[in-house]
2 protein chains.
Amino acid sequence: MISKKGLSSVPGFKFAGITTPQKKNQSKKNLGLIYSEVENTYGTAVYTRNDVQAAPVIISKKMDAQSPYKKAILINSGEANAFTGKQGIIDAELSISRLSELLKIKPEECYIGSTGVIGFPLKINDMINGYNELIQSLKPESDLEFVQAIMTTDTRPKQASIEFDLAGKKVTIAACAKGSGMIMPDMATMLCAVISDAAITPEMMHQVLNETVEETFNCITVDGDTSTNDTVFFLANGLSENEPIKSKDKNYQVFSLHLKVLLEYLAKEIVNDGEGITKFITVSIKNADTKENAKKIAFSIANSPLVKTAFFGENLNWGRILMAIGKVNTKMNCYLIDLVLNGFLIVNKGELETDPQKLEQVKQSLKNRDIDIDIDFNQGKTGIRIWTCDFSLDYVKINANYVS
Amino acid sequence: MISKKGLSSVPGFKFAGITTPQKKNQSKKNLGLIYSEVENTYGTAVYTRNDVQAAPVIISKKMDAQSPYKKAILINSGEANAFTGKQGIIDAELSISRLSELLKIKPEECYIGSTGVIGFPLKINDMINGYNELIQSLKPESDLEFVQAIMTTDTRPKQASIEFDLAGKKVTIAACAKGSGMIMPDMATMLCAVISDAAITPEMMHQVLNETVEETFNCITVDGDTSTNDTVFFLANGLSENEPIKSKDKNYQVFSLHLKVLLEYLAKEIVNDGEGITKFITVSIKNADTKENAKKIAFSIANSPLVKTAFFGENLNWGRILMAIGKVNTKMNCYLIDLVLNGFLIVNKGELETDPQKLEQVKQSLKNRDIDIDIDFNQGKTGIRIWTCDFSLDYVKINANYVS
């Protein structure tokens with residue numbers, strides 16, 4: 001269902017990504033723009049819940065309050081414009097007002113996002129000096145340029161799309177994301193842009209985006225650290241001429257299902273490109289007493305440095321998984337659980353597998369890149385599935401040296 | 001005040017540490033014993049709050065319920081006897097009943113502790129076969145042998161003592177601890193044994209131990225992971241003949257103060273010997289709205305992989321400290337804070353220091369082993385001070401390879 005074709009598969013949008021004038025000597029693009037050619041394009045977004053909110057988050061929220069229409073998403077990489085005081089707010093507003101003038105749209109029809117080093121202000125003059133080139137570069141086929149422009153420590157661009165039939169009309173949703181480190185989104189994610197040609201009201205866009213983010217981007221963690229700049233933008237231009245989605249009816253469900261498939265794919269892609277990753281780890285919790293406990297336990301396992309380094313070392317160290325379950329202090333009975341690692345039953349209703357031959361098989365399976373941890377608590381009816389990666393020497397090297 | 005003299009400075013106790021018969025080919029001691037020669041020696045302990053509790057924790061709690069008197073503490077290293085099912089309980093009880101027979105004391109006068117690999121049962125026969133040698137080795141001066149026997153990935157033995165005058169009598173408290181990884185004690189710590197010649201009732205021992213642990217061992221973290229075996233044992237034999245401490249009077253305060261100095265020293269020693277440490281980091285929070293928020297924020301900073309790797313890299317990356325403050329989501333106003341790093345004011349009421357020369361000075365100070373992070377929230381009256389270490393390449397190497 002998922003296609004590797006990216007943002008360009010949605011009609012009515014143009015994309016650009018450039019290197020700003022002062023940074024021409026660097027190889028990487030650092031300024032990207034998505035532009036909708038359709039007059040009545042709706043926009044919505046979900047943002048980080050970190051108490052420290054970057055200036056672009058504050059300003060994009062302000063634009064949300066002023067208009068449901070959004071025609072442009074401007075994103076820079078390099079400087080996060082977070083914790084930059086009053087100047088950060090002035091810079092973010094200036095960047096939007098100049099861009100909207102040149103695009104001949106209203107400022108409140110612009111979103112802005114930033115990613116990079118916290119505490120570093122925008123190089124606002126350099127950005128604005130790049131606007132003419134940026135706008136001239138806008139093309140329907142330039143999605144990759146945009147995605148490259150928003151990357152930081154990502155090792156590869158991440159975008160995808162999905163097409164489906166909605167009551168007789170072909171609808172496309174496409175999305176791109178950047179991730180890598182400082183990844184444990186809380187009700188939002190790293191920078192992500194979702195676009196669609198569906199006809200859907202702003203209220204339903206907001207609802208479907210929030211629901212889907214909760215089950216996709218909010219279910220991943222690289223290092224347990226929540227960024228100050230996390231944002232998912234979502235634009236829909238209605239070009240597919242489907243009967244507009246106005247309530248949580250059958251068409252909403254169809255749209256929601258496909259959006260979830262797309263964003264789950266991208267969420268996993270973020271983990272798959274996590275800093276220093278050598279293992280892609282899926283943690284599934286079943287039959288826990290409450291959703292909250294299931295989530296706490298899943299993230300306790302996924303964020304435990306001891307669990308993560310053990311998988312990096314391909315060490316059969318399931319005791320650390322049990323430690324991470326117990327330290328959450330949910331008061332569930334840990335001695336009822338089944339623990340299945342890569343398909344092998346290691347703990348059966350609290351009793352350990354002791355057959356050395358079988359344990360050796362499990363150990364061999366840890367050489368796989370994909371690791372599956374399935375835990376059945378056998379004392380409730382709720383669960384969760386989340387994704388994470390291991391903790392490698394490269395994670396430490398990258399983050400000891402990168403100023404982010 | 002603190003003396004490097006260890007457990008042996010307290011009269012009335014003997015110590016031993018041996019290598020059990022089957023492990024004679026390994027260089028490290030793995031079985032240790034503290035024995036009190038005084039008939040009426042009281043004992044108390046605080047234990048891990050991890051939902052997964054090791055068999056020795058369960059059994060020592062049972063002994064607490066049966067008698068306030070404790071004459072022996074037996075600790076093995078290598079196998080944690082955690083998540084070892086019914087056999088783990090049987091083994092722990094057997095080890096105590098055999099030891100108490102040989103020592104001619106009651107089983108309920110014994111504490112037991114284990115440290116090592118979760119899920120690995122005690123090598124119970126080997127342990128019991130070592131008891132005669134262990135008991136024959138008991139000597140007042142053999143404290144170092146005991147401390148060595150309880151070490152795992154610790155790189156050095158950790159013990160100390162403190163002497164003081166208590167209403168005209170000389171009182172000594174001594175303690176030893178083992179730590180290293182899986183260190184973020186929750187209302188208890190890694191294995192620690194405290195002994196004293198003070199006269200103090202079991203109720204007051206329990207109270208002073210709990211209060212002191214909360215402000216010392218519960219204020220450290222190496223990796224945010226809470227062990228299944230954490231225990232602090234405390235024995236007092238009354239030989240100093242001070243007027244017994246029976247209530248929270250002035251003498252209680254004097255005792256409490258000195259116990260705190262001693263355990264704070266050992267708590268810092270555990271961090272200083274944290275796995276792969278290159279930086280010793282003190283995080284101080286002042287003028288926050290509630291103690292709970294101050295604690296959450298301090299530990300969010302101390303456990304953030306991005307903060308820890310930045311200090312390992314000696315990178316001036318204070319933005320990550322702000323990220324870690326904000327991700328706790330306390331709703332305190334982050335734009336009122338002062339952030340002082342190694343004595344340099346970096347953020348002043350939410351506004352950044354931008355003088356490149358001053359920032360360069362701060363950066364140079366990061367080459368020090370000791371790092372001080374002082375944060376004033378300027379919006380309340382409560383605070384906390386905790387200690388942690390950085391996240392180095394060696395932490396990953398140690399934990400990718402060690403089965404713990």
# chains A, B, ... in the order shown; residues from 1 in each chain; ligands from 1
>>> interface_residues(of="chain A", to="chain B", cutoff="8 Å", atoms="only C-alpha atoms", output="compact mmCIF listing (two decimals) with N, CA and C atoms, in the first residue's frame")
# COMPACT_ATOMS: atom_id res chain seq x y z
N ARG A 49 4.99 18.96 23.39
CA ARG A 49 4.47 19.36 24.70
C ARG A 49 5.59 19.73 25.66
N ASN A 50 6.82 19.80 25.14
CA ASN A 50 7.92 20.27 25.98
C ASN A 50 7.58 21.68 26.48
N ASP A 51 7.84 21.95 27.79
CA ASP A 51 7.54 23.28 28.33
C ASP A 51 8.36 24.37 27.64
N VAL A 52 9.54 23.98 27.16
CA VAL A 52 10.33 24.94 26.39
C VAL A 52 9.91 24.80 24.93
N PHE A 83 14.55 28.76 22.70
CA PHE A 83 15.19 29.47 23.80
C PHE A 83 16.07 30.60 23.28
N THR A 84 15.50 31.39 22.39
CA THR A 84 16.23 32.51 21.80
C THR A 84 15.59 33.83 22.20
N GLY A 85 14.72 33.78 23.25
CA GLY A 85 14.18 35.01 23.82
C GLY A 85 13.28 35.77 22.86
N VAL A 117 20.26 23.47 16.30
CA VAL A 117 20.83 23.67 17.63
C VAL A 117 19.96 24.59 18.47
N ILE A 118 19.60 24.12 19.69
CA ILE A 118 18.82 24.94 20.62
C ILE A 118 19.65 26.13 21.06
N GLY A 119 19.01 27.30 21.16
CA GLY A 119 19.70 28.49 21.64
C GLY A 119 20.35 29.29 20.53
N MET A 182 17.16 13.15 19.99
CA MET A 182 16.19 13.91 20.77
C MET A 182 14.77 13.48 20.37
N ASP A 223 15.89 8.04 22.21
CA ASP A 223 16.68 8.25 23.41
C ASP A 223 15.89 8.80 24.59
N GLY A 224 14.55 8.85 24.47
CA GLY A 224 13.76 9.32 25.60
C GLY A 224 13.76 10.83 25.75
N ASP A 225 14.44 11.53 24.87
CA ASP A 225 14.51 12.98 24.98
C ASP A 225 13.53 13.63 24.01
N THR A 226 12.73 14.57 24.52
CA THR A 226 11.66 15.20 23.74
C THR A 226 12.12 16.56 23.24
N SER A 227 12.08 16.74 21.95
CA SER A 227 12.57 17.98 21.36
C SER A 227 11.69 19.17 21.70
N THR A 228 12.27 20.36 21.59
CA THR A 228 11.54 21.61 21.79
C THR A 228 10.83 22.07 20.53
N SER A 304 15.55 2.16 28.43
CA SER A 304 16.56 1.72 29.39
C SER A 304 17.93 1.61 28.72
N PRO A 305 18.92 2.38 29.20
CA PRO A 305 20.26 2.27 28.63
C PRO A 305 20.81 0.85 28.72
N LEU A 306 20.46 0.14 29.79
CA LEU A 306 20.99 -1.21 29.95
C LEU A 306 20.36 -2.17 28.95
N THR A 309 21.89 -1.14 25.42
CA THR A 309 23.28 -1.51 25.18
C THR A 309 23.42 -3.03 25.08
N ALA A 310 22.56 -3.77 25.81
CA ALA A 310 22.62 -5.23 25.73
C ALA A 310 22.30 -5.70 24.32
N PHE A 311 21.27 -5.11 23.70
CA PHE A 311 20.94 -5.51 22.32
C PHE A 311 22.04 -5.09 21.36
N PHE A 312 22.64 -3.93 21.60
CA PHE A 312 23.78 -3.52 20.78
C PHE A 312 24.87 -4.60 20.84
N GLY A 313 25.10 -5.13 22.03
CA GLY A 313 26.12 -6.16 22.22
C GLY A 313 25.67 -7.56 21.82
N GLU A 314 24.42 -7.68 21.33
CA GLU A 314 23.85 -8.99 20.95
C GLU A 314 23.95 -9.99 22.10
N ASN A 315 23.71 -9.45 23.31
CA ASN A 315 23.80 -10.23 24.52
C ASN A 315 22.41 -10.67 24.96
N LEU A 316 22.23 -11.94 25.27
CA LEU A 316 20.95 -12.42 25.78
C LEU A 316 20.86 -12.00 27.24
N ASN A 317 20.17 -10.90 27.49
CA ASN A 317 20.20 -10.28 28.80
C ASN A 317 18.79 -9.89 29.18
N GLY A 319 17.14 -10.38 31.72
CA GLY A 319 16.97 -9.88 33.09
C GLY A 319 16.82 -8.37 33.11
N ARG A 320 17.50 -7.68 32.20
CA ARG A 320 17.38 -6.23 32.14
C ARG A 320 15.99 -5.80 31.68
N LEU A 322 13.27 -7.40 32.47
CA LEU A 322 12.44 -7.55 33.67
C LEU A 322 12.70 -6.41 34.65
N MET A 323 13.97 -6.02 34.78
CA MET A 323 14.31 -4.86 35.62
C MET A 323 13.53 -3.63 35.14
N ALA A 324 13.52 -3.42 33.82
CA ALA A 324 12.86 -2.22 33.27
C ALA A 324 11.35 -2.29 33.46
N ILE A 325 10.79 -3.49 33.44
CA ILE A 325 9.35 -3.65 33.72
C ILE A 325 9.07 -3.28 35.17
N GLY A 326 9.89 -3.84 36.07
CA GLY A 326 9.64 -3.67 37.50
C GLY A 326 9.88 -2.26 38.00
N LYS A 327 10.81 -1.53 37.37
CA LYS A 327 11.16 -0.22 37.93
C LYS A 327 10.05 0.80 37.73
N VAL A 328 9.09 0.50 36.84
CA VAL A 328 7.97 1.43 36.63
C VAL A 328 7.07 1.47 37.86
N ASN A 329 7.08 0.36 38.62
CA ASN A 329 6.36 0.35 39.88
C ASN A 329 4.86 0.47 39.67
N THR A 330 4.33 -0.37 38.73
CA THR A 330 2.89 -0.32 38.45
C THR A 330 2.09 -1.15 39.43
N LYS A 331 2.79 -2.02 40.17
CA LYS A 331 2.15 -2.95 41.10
C LYS A 331 1.40 -4.08 40.39
N MET A 332 1.59 -4.20 39.06
CA MET A 332 1.08 -5.42 38.41
C MET A 332 1.95 -6.58 38.89
N ASN A 333 1.41 -7.79 38.81
CA ASN A 333 2.15 -8.97 39.24
C ASN A 333 3.10 -9.41 38.13
N CYS A 334 4.40 -9.21 38.37
CA CYS A 334 5.40 -9.53 37.35
C CYS A 334 5.61 -11.03 37.21
N GLY A 350 5.97 -16.43 34.46
CA GLY A 350 6.92 -16.10 35.51
C GLY A 350 8.06 -17.09 35.70
N GLU A 351 7.98 -18.24 34.99
CA GLU A 351 9.06 -19.23 35.14
C GLU A 351 9.97 -19.20 33.92
N LEU A 352 11.26 -19.28 34.17
CA LEU A 352 12.26 -19.14 33.13
C LEU A 352 12.47 -20.37 32.28
N PHE A 391 21.34 1.27 21.64
CA PHE A 391 22.25 2.34 22.06
C PHE A 391 23.65 1.91 21.69
N SER A 392 24.23 2.51 20.71
CA SER A 392 25.50 2.00 20.21
C SER A 392 26.64 2.95 20.53
N LEU A 393 27.84 2.50 20.29
CA LEU A 393 29.00 3.39 20.42
C LEU A 393 28.82 4.61 19.53
N VAL A 396 26.84 7.50 21.08
CA VAL A 396 27.64 8.34 21.98
C VAL A 396 28.58 9.23 21.17
N LYS A 397 29.23 8.66 20.16
CA LYS A 397 30.16 9.46 19.34
C LYS A 397 29.45 10.63 18.69
N ASN A 399 26.68 12.12 19.55
CA ASN A 399 26.15 13.12 20.46
C ASN A 399 27.18 13.76 21.37
N ALA A 400 28.38 13.17 21.42
CA ALA A 400 29.46 13.82 22.14
C ALA A 400 30.03 14.94 21.28
N ASN A 401 29.87 14.81 19.97
CA ASN A 401 30.52 15.76 19.07
C ASN A 401 29.57 16.75 18.42
N VAL A 403 26.78 19.48 18.22
CA VAL A 403 26.12 20.47 19.07
C VAL A 403 24.69 20.59 18.58
N SER A 404 23.74 20.05 19.35
CA SER A 404 22.34 20.06 18.89
C SER A 404 21.44 20.71 19.91
>>> select_by_dssp(residues="segment 204-386 of chain A", states="helix (DSSP H, G or I)", output="ChimeraX atom specification")
/A:204-215,217-219,250-272,291-303,305-312,318-326,334-336,356-365
>>> atom_distance(atom1="atom CA of Pro107 of chain B", atom2="atom CA of His206 of chain B")
20.6 Å
>>> closest_residue(among="B:Asp374, B:Asp197, B:Glu141, B:Glu108", to="Leu235 of chain B", atoms="only C-alpha atoms")
B:Asp197
>>> select_by_dssp(residues="segment 90-296 of chain A", states="strand (DSSP E or B)", output="MDAnalysis selection string")
chainID A and resid 110:117 139 158:166 169:177 192:196 200 220:221 231:236 245 280:288
>>> residues_around(residues="Thr44 of chain B", least_positions_apart="3", cutoff="10 Å", atoms="only C-alpha atoms", output="list in words")
Ser60, Lys61, Met63, Asp64, Ser67, Pro68, Tyr69, Lys70, Tyr111, Val194, Pro202, Glu203, Met204, Met205, His206, Gln207, Leu209, Asn210, Val232, Phe233, Phe234, Leu235 and Ala236 of chain B
>>> write_last_selection(atoms="N, CA, C and O atoms", output="CSV table (one decimal), in the first residue's frame")
chain,number,residue,atom,x,y,z
B,60,SER,N,15.0,-11.3,53.3
B,60,SER,CA,15.5,-10.4,54.3
B,60,SER,C,14.3,-9.6,54.9
B,60,SER,O,14.3,-9.4,56.1
B,61,LYS,N,13.3,-9.3,54.1
B,61,LYS,CA,12.1,-8.6,54.6
B,61,LYS,C,11.4,-9.5,55.6
B,61,LYS,O,10.9,-9.1,56.6
B,63,MET,N,12.8,-11.8,57.4
B,63,MET,CA,13.6,-11.9,58.7
B,63,MET,C,13.4,-10.6,59.5
B,63,MET,O,13.3,-10.7,60.7
B,64,ASP,N,13.2,-9.5,58.8
B,64,ASP,CA,12.8,-8.2,59.5
B,64,ASP,C,11.6,-8.4,60.3
B,64,ASP,O,11.4,-7.9,61.5
B,67,SER,N,12.3,-10.7,63.7
B,67,SER,CA,13.1,-10.3,64.8
B,67,SER,C,13.8,-8.9,64.5
B,67,SER,O,14.2,-8.6,63.4
B,68,PRO,N,13.9,-8.1,65.6
B,68,PRO,CA,14.7,-6.8,65.4
B,68,PRO,C,16.2,-7.1,65.5
B,68,PRO,O,16.9,-6.2,65.3
B,69,TYR,N,16.6,-8.2,66.0
B,69,TYR,CA,18.0,-8.5,66.2
B,69,TYR,C,18.6,-9.1,64.9
B,69,TYR,O,18.0,-10.0,64.3
B,70,LYS,N,19.8,-8.6,64.6
B,70,LYS,CA,20.5,-9.1,63.4
B,70,LYS,C,22.0,-9.3,63.7
B,70,LYS,O,22.6,-8.3,64.2
B,111,TYR,N,20.7,-11.4,57.7
B,111,TYR,CA,20.3,-10.8,56.4
B,111,TYR,C,21.0,-11.5,55.3
B,111,TYR,O,22.1,-12.0,55.4
B,194,VAL,N,25.8,-0.7,56.6
B,194,VAL,CA,26.1,0.4,57.5
B,194,VAL,C,26.2,-0.3,58.9
B,194,VAL,O,25.3,-1.1,59.3
B,202,PRO,N,15.5,0.0,67.5
B,202,PRO,CA,15.2,-0.4,66.1
B,202,PRO,C,14.3,0.6,65.4
B,202,PRO,O,14.5,0.9,64.2
B,203,GLU,N,13.4,1.2,66.2
B,203,GLU,CA,12.4,2.1,65.5
B,203,GLU,C,13.2,3.4,65.1
B,203,GLU,O,13.0,3.9,64.0
B,204,MET,N,14.1,3.9,65.9
B,204,MET,CA,14.9,5.1,65.5
B,204,MET,C,15.9,4.7,64.4
B,204,MET,O,16.1,5.5,63.6
B,205,MET,N,16.4,3.5,64.5
B,205,MET,CA,17.3,3.1,63.4
B,205,MET,C,16.6,3.1,62.0
B,205,MET,O,17.1,3.6,61.0
B,206,HIS,N,15.4,2.5,62.0
B,206,HIS,CA,14.6,2.5,60.8
B,206,HIS,C,14.3,3.9,60.3
B,206,HIS,O,14.5,4.2,59.1
B,207,GLN,N,13.9,4.8,61.2
B,207,GLN,CA,13.6,6.1,60.9
B,207,GLN,C,14.8,6.9,60.3
B,207,GLN,O,14.7,7.5,59.2
B,209,LEU,N,17.5,5.7,59.1
B,209,LEU,CA,18.0,5.2,57.8
B,209,LEU,C,17.2,5.6,56.7
B,209,LEU,O,17.7,6.0,55.6
B,210,ASN,N,15.8,5.5,56.8
B,210,ASN,CA,15.0,6.0,55.7
B,210,ASN,C,15.1,7.4,55.4
B,210,ASN,O,15.2,7.8,54.2
B,232,VAL,N,20.0,-1.4,51.6
B,232,VAL,CA,20.9,-0.9,52.6
B,232,VAL,C,20.6,-1.6,53.9
B,232,VAL,O,19.5,-1.5,54.4
B,233,PHE,N,21.6,-2.3,54.4
B,233,PHE,CA,21.5,-3.0,55.7
B,233,PHE,C,22.2,-2.0,56.7
B,233,PHE,O,23.1,-1.3,56.5
B,234,PHE,N,21.6,-2.1,58.0
B,234,PHE,CA,22.2,-1.2,59.0
B,234,PHE,C,22.1,-2.0,60.3
B,234,PHE,O,21.1,-2.4,60.8
B,235,LEU,N,23.3,-2.2,60.9
B,235,LEU,CA,23.4,-2.9,62.2
B,235,LEU,C,24.0,-2.0,63.3
B,235,LEU,O,24.9,-1.2,62.9
B,236,ALA,N,23.5,-2.0,64.5
B,236,ALA,CA,24.1,-1.2,65.6
B,236,ALA,C,24.1,-2.1,66.8
B,236,ALA,O,23.2,-2.7,67.2
>>> residues_around(residues="segment 87-101 of chain A", least_positions_apart="6", cutoff="8 Å", atoms="only C-alpha atoms", output="list in words")
Ala55, Pro56, Ile58, Ile59, Asn81, Pro107, Glu109, Cys110, Tyr111, Ile112, Pro121, Leu122, Ile124, Met127, Ile128 and Tyr131 of chain A
>>> write_last_selection(atoms="N, CA and C atoms", output="PDB file, in the first residue's frame")
ATOM      1  N   ALA A  55      10.465  29.234  19.150  1.00  0.00           N
ATOM      2  CA  ALA A  55       9.737  30.365  18.557  1.00  0.00           C
ATOM      3  C   ALA A  55       8.871  29.930  17.362  1.00  0.00           C
ATOM      4  N   PRO A  56       9.352  29.089  16.446  1.00  0.00           N
ATOM      5  CA  PRO A  56       8.497  28.687  15.323  1.00  0.00           C
ATOM      6  C   PRO A  56       7.237  27.946  15.774  1.00  0.00           C
ATOM      7  N   ILE A  58       5.656  28.550  18.667  1.00  0.00           N
ATOM      8  CA  ILE A  58       4.782  29.603  19.201  1.00  0.00           C
ATOM      9  C   ILE A  58       4.108  30.380  18.061  1.00  0.00           C
ATOM     10  N   ILE A  59       4.868  30.692  17.038  1.00  0.00           N
ATOM     11  CA  ILE A  59       4.325  31.485  15.925  1.00  0.00           C
ATOM     12  C   ILE A  59       3.375  30.657  15.055  1.00  0.00           C
ATOM     13  N   ASN A  81      16.097  27.920  16.687  1.00  0.00           N
ATOM     14  CA  ASN A  81      15.348  29.100  17.150  1.00  0.00           C
ATOM     15  C   ASN A  81      14.508  28.745  18.388  1.00  0.00           C
ATOM     16  N   PRO A 107       0.120  36.388   5.847  1.00  0.00           N
ATOM     17  CA  PRO A 107       1.067  35.781   6.807  1.00  0.00           C
ATOM     18  C   PRO A 107       0.446  34.603   7.548  1.00  0.00           C
ATOM     19  N   GLU A 109      -1.385  32.438   6.529  1.00  0.00           N
ATOM     20  CA  GLU A 109      -1.458  31.224   5.703  1.00  0.00           C
ATOM     21  C   GLU A 109      -0.113  30.495   5.652  1.00  0.00           C
ATOM     22  N   CYS A 110       0.830  30.945   6.469  1.00  0.00           N
ATOM     23  CA  CYS A 110       2.169  30.317   6.516  1.00  0.00           C
ATOM     24  C   CYS A 110       2.393  29.564   7.829  1.00  0.00           C
ATOM     25  N   TYR A 111       2.981  28.384   7.706  1.00  0.00           N
ATOM     26  CA  TYR A 111       3.559  27.715   8.871  1.00  0.00           C
ATOM     27  C   TYR A 111       5.068  27.891   8.821  1.00  0.00           C
ATOM     28  N   ILE A 112       5.687  27.848  10.005  1.00  0.00           N
ATOM     29  CA  ILE A 112       7.142  27.899  10.034  1.00  0.00           C
ATOM     30  C   ILE A 112       7.657  26.829  10.989  1.00  0.00           C
ATOM     31  N   PRO A 121      19.947  31.509  17.313  1.00  0.00           N
ATOM     32  CA  PRO A 121      18.919  32.257  16.593  1.00  0.00           C
ATOM     33  C   PRO A 121      18.968  31.957  15.097  1.00  0.00           C
ATOM     34  N   LEU A 122      17.869  32.240  14.442  1.00  0.00           N
ATOM     35  CA  LEU A 122      17.846  32.128  12.976  1.00  0.00           C
ATOM     36  C   LEU A 122      18.892  33.073  12.388  1.00  0.00           C
ATOM     37  N   ILE A 124      18.596  35.225  10.176  1.00  0.00           N
ATOM     38  CA  ILE A 124      17.387  35.724   9.524  1.00  0.00           C
ATOM     39  C   ILE A 124      17.678  36.466   8.220  1.00  0.00           C
ATOM     40  N   MET A 127      18.490  33.929   5.573  1.00  0.00           N
ATOM     41  CA  MET A 127      17.270  33.235   5.157  1.00  0.00           C
ATOM     42  C   MET A 127      16.491  34.085   4.160  1.00  0.00           C
ATOM     43  N   ILE A 128      16.257  35.334   4.543  1.00  0.00           N
ATOM     44  CA  ILE A 128      15.436  36.216   3.706  1.00  0.00           C
ATOM     45  C   ILE A 128      16.121  36.475   2.363  1.00  0.00           C
ATOM     46  N   TYR A 131      15.130  33.861  -0.126  1.00  0.00           N
ATOM     47  CA  TYR A 131      13.720  33.640  -0.484  1.00  0.00           C
ATOM     48  C   TYR A 131      13.450  33.651  -1.987  1.00  0.00           C
TER      49      TYR A 131
END
